[in-house]
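Novice: Here it is: the structure, laid out below.
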Amino acid sequence: MKAFAFTLMPQTSADMFIAGGTTLVDLMKLGVVAPQRLVDLRDGGAHAGISVQGDTLHIGALTTMAALADHPAVIERLPMVRSALLQSASPQICNMATIGGNLLQRTRCSYFRDLASPCNKRAPGTGGGAIGGDARGLAVLGTSAACIAS
Amino acid sequence: MDRTFRINGHDHALTIDPRDILLEILRDRLNLTGTKKGCDHGQCGACTVLSDGKRILSCLQLGATQKGEVNTIEGLTGPDGALHLMQAAFVRHDALQCGFCTPGQILSSVACVAEGHATSAADVRAWMAGNLCRCAAYPNIVAAVLDMAGVTEAAE
């Protein structure tokens, strides 16, 4: 085994990771999240690669949406993925946002984003503004007794 | 924290707060007020700038994490004040009314053409979808971009 450097990433619940920042910076402006410390994952540029091994596409978490959509293997063999990427955000967002961040994106529910509204997801136990409120189109992936925008 | 920003070909060494947003650094610290604050939430595209040639939203970009060279609308104009060809195309096609979204539209258009995405009116509409215009000058914007890209097609 070759020698390697080992460090621990100091992290508490008050720390958050940032990559593209298109969701996190927005939520920080709104006051929905307020990290004590931000750790920039893009320093060093690792984990942004895309590789094809057989029938498997390996996508680094820091790959931008635009880089994935423009990858030759995606253009040629996964046009549905390309189409989904390009339709889900503007070209500007696609140039910034990462695939890892996509998977970790918080709900777009307007009650979650509005500090004046109760929200069990943002502040457990406060209630669910979307329940009985304007909830058209909020529940995409499932509902619960506490939140219909989960 | 100290950061050096390369903007329109010049380096600017600034002491910034970690909270400072690129849009505000451009406008409030460097007086580059051509870049506009619209929605401030990444939805309207008025704050579009180029970072290493790629269009990004300066309202969602922390100064602390900005890496690439930034080009703003001020950087498009030639040293003698001559309009960039895309700016001239916007004038020629009357591709604006109030003009607030125009700097972002033009930077996005420059990138759109450079990316090779200005091949048809439908393509331009799809690839310019990140720039809203509340005056709805869209037909003329599409015409200007197609003209600049050398595409002859009646904008619908």
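Chain labels run A, B, ... following the order of the structure tokens; each chain numbers its residues from 1, and ligands are numbered from 1 in the order shown.
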I want to know what sits within 8 Å of segment 22-26 of chain A, based on only C-alpha atoms, with residues of the same chain fewer than 2 positions away left out; could you give that as number ranges by chain?
Specialist: A: 18, 20, 28-30, 33, 93, 96-97, 105-106; B: 41-42, 60-62
Novice: For the residues in that selection, give me C-alpha atoms as a compact mmCIF listing (two decimals), in the first residue's frame.
Specialist:
```txt
# COMPACT_ATOMS: atom_id res chain seq x y z
CA ILE A 18 -21.30 23.68 -0.09
CA GLY A 20 -22.73 24.56 -6.42
CA MET A 28 -29.23 30.85 3.75
CA LYS A 29 -30.55 34.15 2.36
CA LEU A 30 -34.03 33.15 3.48
CA VAL A 33 -30.59 27.25 7.17
CA ILE A 93 -28.23 26.71 -12.75
CA MET A 96 -23.44 25.70 -11.15
CA ALA A 97 -25.45 22.91 -9.53
CA GLN A 105 -31.71 19.21 -2.51
CA ARG A 106 -34.19 20.29 0.12
CA HIS B 41 -33.19 33.90 -5.73
CA GLY B 42 -31.84 32.40 -8.93
CA LEU B 60 -26.38 32.58 -5.87
CA GLN B 61 -22.59 32.70 -5.99
CA LEU B 62 -20.69 33.38 -2.78
```
Novice: Write out as a PDB file with C-alpha atoms, in the first residue's frame the residues lying within 8 Å of segment 106-122 of chain B, counting only C-alpha atoms and excluding same-chain residues fewer than 3 positions away.
Specialist:
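Saved as selection-v9.pdb:
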```pdb
ATOM      1  CA  THR B  48     -26.240  36.459 -15.151  1.00  0.00           C
ATOM      2  CA  VAL B  49     -22.479  36.832 -15.597  1.00  0.00           C
ATOM      3  CA  LEU B  50     -19.900  34.616 -17.263  1.00  0.00           C
ATOM      4  CA  GLY B  53     -17.035  31.728 -20.196  1.00  0.00           C
ATOM      5  CA  LYS B  54     -19.926  29.836 -18.632  1.00  0.00           C
ATOM      6  CA  ARG B  55     -23.071  31.671 -17.645  1.00  0.00           C
ATOM      7  CA  THR B  72     -19.795  41.229 -16.856  1.00  0.00           C
ATOM      8  CA  ILE B  73     -21.681  43.380 -19.337  1.00  0.00           C
ATOM      9  CA  MET B  86     -24.488  40.988 -29.551  1.00  0.00           C
ATOM     10  CA  GLN B  87     -25.259  44.384 -28.015  1.00  0.00           C
ATOM     11  CA  PHE B  90     -30.102  43.761 -29.555  1.00  0.00           C
ATOM     12  CA  THR B 102     -30.893  43.187 -20.880  1.00  0.00           C
ATOM     13  CA  PRO B 103     -27.366  42.819 -19.428  1.00  0.00           C
ATOM     14  CA  ARG B 125     -36.005  29.829 -26.561  1.00  0.00           C
ATOM     15  CA  ALA B 126     -35.006  26.636 -24.735  1.00  0.00           C
ATOM     16  CA  TRP B 127     -31.434  27.714 -24.051  1.00  0.00           C
ATOM     17  CA  MET B 128     -32.409  31.265 -23.042  1.00  0.00           C
ATOM     18  CA  ASN B 131     -33.531  34.809 -18.524  1.00  0.00           C
ATOM     19  CA  VAL B 142     -34.773  35.508 -30.223  1.00  0.00           C
ATOM     20  CA  ALA B 143     -34.380  37.406 -33.487  1.00  0.00           C
ATOM     21  CA  VAL B 145     -29.634  35.987 -31.036  1.00  0.00           C
ATOM     22  CA  LEU B 146     -30.396  34.184 -34.294  1.00  0.00           C
ATOM     23  CA  MET B 148     -25.872  37.117 -34.252  1.00  0.00           C
ATOM     24  CA  ALA B 149     -25.554  33.363 -34.769  1.00  0.00           C
ATOM     25  CA  VAL B 151     -29.233  31.804 -38.571  1.00  0.00           C
ATOM     26  CA  GLU B 153     -35.209  32.034 -39.601  1.00  0.00           C
ATOM     27  CA  ALA B 154     -38.275  34.081 -38.916  1.00  0.00           C
ATOM     28  CA  ALA B 155     -38.726  34.343 -35.155  1.00  0.00           C
ATOM     29  CA  GLU B 156     -42.186  33.139 -34.291  1.00  0.00           C
TER      30      GLU B 156
END
```
Novice: Compile the contact shell of segment 128-132 of chain A as a list in words: residues with an atom at most 9 Å away, counting only C-alpha atoms, same-chain residues fewer than 6 positions apart removed.
Specialist: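 Those residues are Cys109, Ser110, Tyr111, Phe112, Ser117, Pro118, Cys119, Asn120, Lys121, Leu138, Ala145, Ala146, Cys147, Ile148 and Ala149 of chain A.
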Novice: Write out as a ChimeraX atom specification all residues of segment 37-127 of chain B that DSSP puts in helix (DSSP H, G or I) for this structure's backbone.
Specialist: /B:58-60,63-65,73-75,85-92,102-114,121-127
Novice: Excluding same-chain residues fewer than 3 positions from Ser51 of chain A, what lies within 10 Å of it counting only C-alpha atoms, as JSON, numbers by chain?
Specialist: {"A": [54, 56, 57, 58, 59, 60, 71, 73]}
